[in-house]
Amino acid sequence: MPEYATVTYPEADPPDRRFKRIIGNSAALESVLDQVEQVASTDSTVLIEGETGTGKELIAHAIHSSSQRYGRAFIKLNCAAIPLDLLESELFGHEKGAFTGAIAQKIGRFEMADKETLFLDEVGDIPPHCSPNCCAFCKNRSSSG
Ligand SMILES: Nc1ncnc2c1ncn2[C@@H]1O[C@H](COP(=O)(O)OP(=O)(O)OP(=O)(O)O)[C@@H](O)[C@H]1O
Ligand SMILES: [Mg+2]
């Protein structure tokens, strides 16, 4: 499997210590952790924004660990590392023979991550015009992207 397509299954925090890895006691962090608990109980898509190194991935893990998907896989896909012309096929899969080089049917990440957590790292790097399917998927998910 190519490096960009690596799927990882990091160990999730057990529910009773799901925020133990997150250091800080500011009002701003408390507000973020409140939001983590709020969205974790839903099936909504969640967009996590923040400066570099501020803990976006840590928060993604916290949401996963606090959700009903705890115990299932946390699948990470680095969108910035995928060549744009392969992105649609990575996300949605393809049928055998769909294009030159499609030698077998392939399951996409969205289908693979059904009932699990799919973390699209650097999702903001995907150009909005990248594919009609990607745009349609984002539009059909209600809460952020
Ligand atoms: N509040 C925090 N408590 C403990 N560790 C933290 C906190 N915030 C960030 N870190 C640590 O800092 C490092 C960077 O965090 P993380 O990868 O989650 O940030 P990020 O926002 O995804 O960064 P990038 O924008 O570079 O992708 C990690 O080692 C993470 O564990
Ligand atoms: Mg990150």
# chains A, B, ... in the order shown; residues from 1 in each chain; ligands from 1
>>> residues_near_ligand(ligand="ligand 2", cutoff="9 Å", atoms="only C-alpha atoms and all ligand atoms", output="PDB file with C-alpha atoms, in the first residue's frame")
ATOM      1  CA  THR A  52      -0.407  24.241  13.379  1.00  0.00           C
ATOM      2  CA  GLY A  53       0.392  22.043  16.373  1.00  0.00           C
ATOM      3  CA  THR A  54      -2.545  23.173  18.505  1.00  0.00           C
ATOM      4  CA  GLY A  55      -3.863  19.640  18.968  1.00  0.00           C
ATOM      5  CA  LYS A  56      -6.436  19.135  16.195  1.00  0.00           C
ATOM      6  CA  GLU A  57      -5.551  15.457  15.861  1.00  0.00           C
ATOM      7  CA  LEU A  58      -5.628  15.077  19.637  1.00  0.00           C
ATOM      8  CA  ASP A 121      -6.228  15.022   7.973  1.00  0.00           C
ATOM      9  CA  GLU A 122      -5.463  18.297   6.141  1.00  0.00           C
TER      10      GLU A 122
END
>>> closest_residue(among="A:Ala104, A:Ile48, A:Val36, A:Leu86", to="ligand 1", atoms="only C-alpha atoms and all ligand atoms")
A:Ile48
>>> atom_distance(atom1="CA of Ser31 (chain A)", atom2="atom 1 (N, counted along the ligand's line) of ligand 1")
12.6 Å
>>> select_by_dssp(residues="region 9-128 of chain A", states="helix (DSSP H, G or I)", output="PyMOL selection string")
chain A and resi 15-17+27-40+56-66+79-81+84-92+109-112+123-125
>>> write_last_selection(atoms="C-alpha atoms", output="mmCIF file, in the first residue's frame")
data_model
loop_
_atom_site.group_PDB
_atom_site.id
_atom_site.type_symbol
_atom_site.label_atom_id
_atom_site.label_comp_id
_atom_site.auth_asym_id
_atom_site.auth_seq_id
_atom_site.Cartn_x
_atom_site.Cartn_y
_atom_site.Cartn_z
ATOM 1 C CA PRO A 15 -13.578 6.227 28.096
ATOM 2 C CA ASP A 16 -12.725 7.003 31.732
ATOM 3 C CA ARG A 17 -9.497 8.740 30.762
ATOM 4 C CA ALA A 27 -11.707 28.424 29.751
ATOM 5 C CA ALA A 28 -11.047 28.130 26.018
ATOM 6 C CA LEU A 29 -9.946 24.493 26.334
ATOM 7 C CA GLU A 30 -12.901 23.680 28.612
ATOM 8 C CA SER A 31 -15.181 25.088 25.934
ATOM 9 C CA VAL A 32 -13.534 22.907 23.278
ATOM 10 C CA LEU A 33 -13.885 19.800 25.481
ATOM 11 C CA ASP A 34 -17.557 20.634 26.045
ATOM 12 C CA GLN A 35 -17.967 20.734 22.274
ATOM 13 C CA VAL A 36 -16.103 17.422 21.979
ATOM 14 C CA GLU A 37 -18.664 15.773 24.273
ATOM 15 C CA GLN A 38 -21.519 17.462 22.444
ATOM 16 C CA VAL A 39 -20.535 16.270 18.962
ATOM 17 C CA ALA A 40 -19.276 12.854 20.101
ATOM 18 C CA LYS A 56 -6.436 19.135 16.195
ATOM 19 C CA GLU A 57 -5.551 15.457 15.861
ATOM 20 C CA LEU A 58 -5.628 15.077 19.637
ATOM 21 C CA ILE A 59 -9.159 16.489 19.637
ATOM 22 C CA ALA A 60 -10.151 14.119 16.813
ATOM 23 C CA HIS A 61 -9.001 11.202 18.980
ATOM 24 C CA ALA A 62 -10.922 12.614 21.952
ATOM 25 C CA ILE A 63 -14.119 12.778 19.868
ATOM 26 C CA HIS A 64 -13.605 9.186 18.718
ATOM 27 C CA SER A 65 -12.896 7.966 22.258
ATOM 28 C CA SER A 66 -15.984 9.734 23.602
ATOM 29 C CA CYS A 79 -5.487 14.202 2.148
ATOM 30 C CA ALA A 80 -2.505 16.481 1.474
ATOM 31 C CA ALA A 81 -0.337 13.483 0.634
ATOM 32 C CA LEU A 84 -5.299 14.902 -6.650
ATOM 33 C CA ASP A 85 -6.114 12.622 -9.563
ATOM 34 C CA LEU A 86 -6.188 9.614 -7.200
ATOM 35 C CA LEU A 87 -8.183 11.278 -4.422
ATOM 36 C CA GLU A 88 -11.655 10.482 -5.718
ATOM 37 C CA SER A 89 -10.797 6.834 -6.180
ATOM 38 C CA GLU A 90 -9.210 6.691 -2.694
ATOM 39 C CA LEU A 91 -12.305 8.188 -1.082
ATOM 40 C CA PHE A 92 -15.041 6.524 -3.116
ATOM 41 C CA ARG A 109 -12.314 5.009 2.447
ATOM 42 C CA PHE A 110 -15.843 6.240 3.093
ATOM 43 C CA GLU A 111 -17.227 2.715 2.687
ATOM 44 C CA MET A 112 -14.283 1.184 4.564
ATOM 45 C CA VAL A 123 -8.906 18.141 4.517
ATOM 46 C CA GLY A 124 -8.634 21.892 3.837
ATOM 47 C CA ASP A 125 -5.949 21.158 1.269
#
>>> closest_residue(among="A:Ile107, A:Leu120, A:Ile22, A:Ala98", to="ligand 1", atoms="only C-alpha atoms and all ligand atoms")
A:Ile22
>>> closest_residue(among="A:Phe119, A:Glu95, A:Pro128, A:Ala102", to="ligand 1", atoms="only C-alpha atoms and all ligand atoms")
A:Phe119
>>> atom_distance(atom1="CA of Glu51 (chain A)", atom2="CA of Tyr70 (chain A)")
26.7 Å
>>> closest_residue(among="A:Gln105, A:Ala113, A:Ile126, A:Asp43", to="Asn78 (chain A)", atoms="only C-alpha atoms")
A:Ile126
>>> closest_residue(among="A:His94, A:Ala73, A:Ile82, A:Phe99", to="Leu118 (chain A)", atoms="only C-alpha atoms")
A:Ala73
>>> atom_distance(atom1="atom 30 (C, counted along the ligand's line) of ligand 1", atom2="CA of Arg72 (chain A)")
21.6 Å
>>> select_by_dssp(residues="region 8-137 of chain A", states="strand (DSSP E)", output="list in words")
Phe74, Ile75, Lys76, Leu77, Asn78, Gly93, His94, Lys106, Ile107, Thr117, Leu118, Phe119, Leu120 and Asp121 of chain A
>>> write_last_selection(atoms="N, CA and C atoms", output="compact mmCIF listing (two decimals), in the first residue's frame")
# COMPACT_ATOMS: atom_id res chain seq x y z
N PHE A 74 -10.04 3.93 14.31
CA PHE A 74 -9.88 5.34 14.00
C PHE A 74 -8.99 5.33 12.75
N ILE A 75 -9.60 5.63 11.61
CA ILE A 75 -8.88 5.53 10.34
C ILE A 75 -8.45 6.92 9.90
N LYS A 76 -7.15 7.08 9.72
CA LYS A 76 -6.61 8.39 9.36
C LYS A 76 -6.16 8.39 7.90
N LEU A 77 -6.54 9.44 7.19
CA LEU A 77 -6.11 9.57 5.80
C LEU A 77 -5.57 10.99 5.62
N ASN A 78 -4.31 11.09 5.20
CA ASN A 78 -3.71 12.41 4.99
C ASN A 78 -4.02 12.88 3.57
N GLY A 93 -13.60 4.73 -3.98
CA GLY A 93 -13.34 3.43 -4.58
C GLY A 93 -13.63 3.45 -6.07
N HIS A 94 -13.44 2.33 -6.71
CA HIS A 94 -13.75 2.24 -8.14
C HIS A 94 -14.02 0.79 -8.52
N LYS A 106 -11.99 -1.68 -6.10
CA LYS A 106 -11.38 -1.17 -4.87
C LYS A 106 -12.43 -0.48 -4.01
N ILE A 107 -12.43 -0.79 -2.72
CA ILE A 107 -13.38 -0.16 -1.79
C ILE A 107 -12.80 1.18 -1.34
N THR A 117 -14.50 5.63 12.70
CA THR A 117 -14.18 7.05 12.58
C THR A 117 -13.20 7.25 11.44
N LEU A 118 -13.53 8.15 10.51
CA LEU A 118 -12.62 8.49 9.42
C LEU A 118 -12.09 9.89 9.67
N PHE A 119 -10.79 10.02 9.89
CA PHE A 119 -10.16 11.31 10.13
C PHE A 119 -9.45 11.75 8.86
N LEU A 120 -10.03 12.76 8.18
CA LEU A 120 -9.44 13.28 6.95
C LEU A 120 -8.49 14.40 7.33
N ASP A 121 -7.22 14.04 7.55
CA ASP A 121 -6.23 15.02 7.97
C ASP A 121 -5.93 15.98 6.82
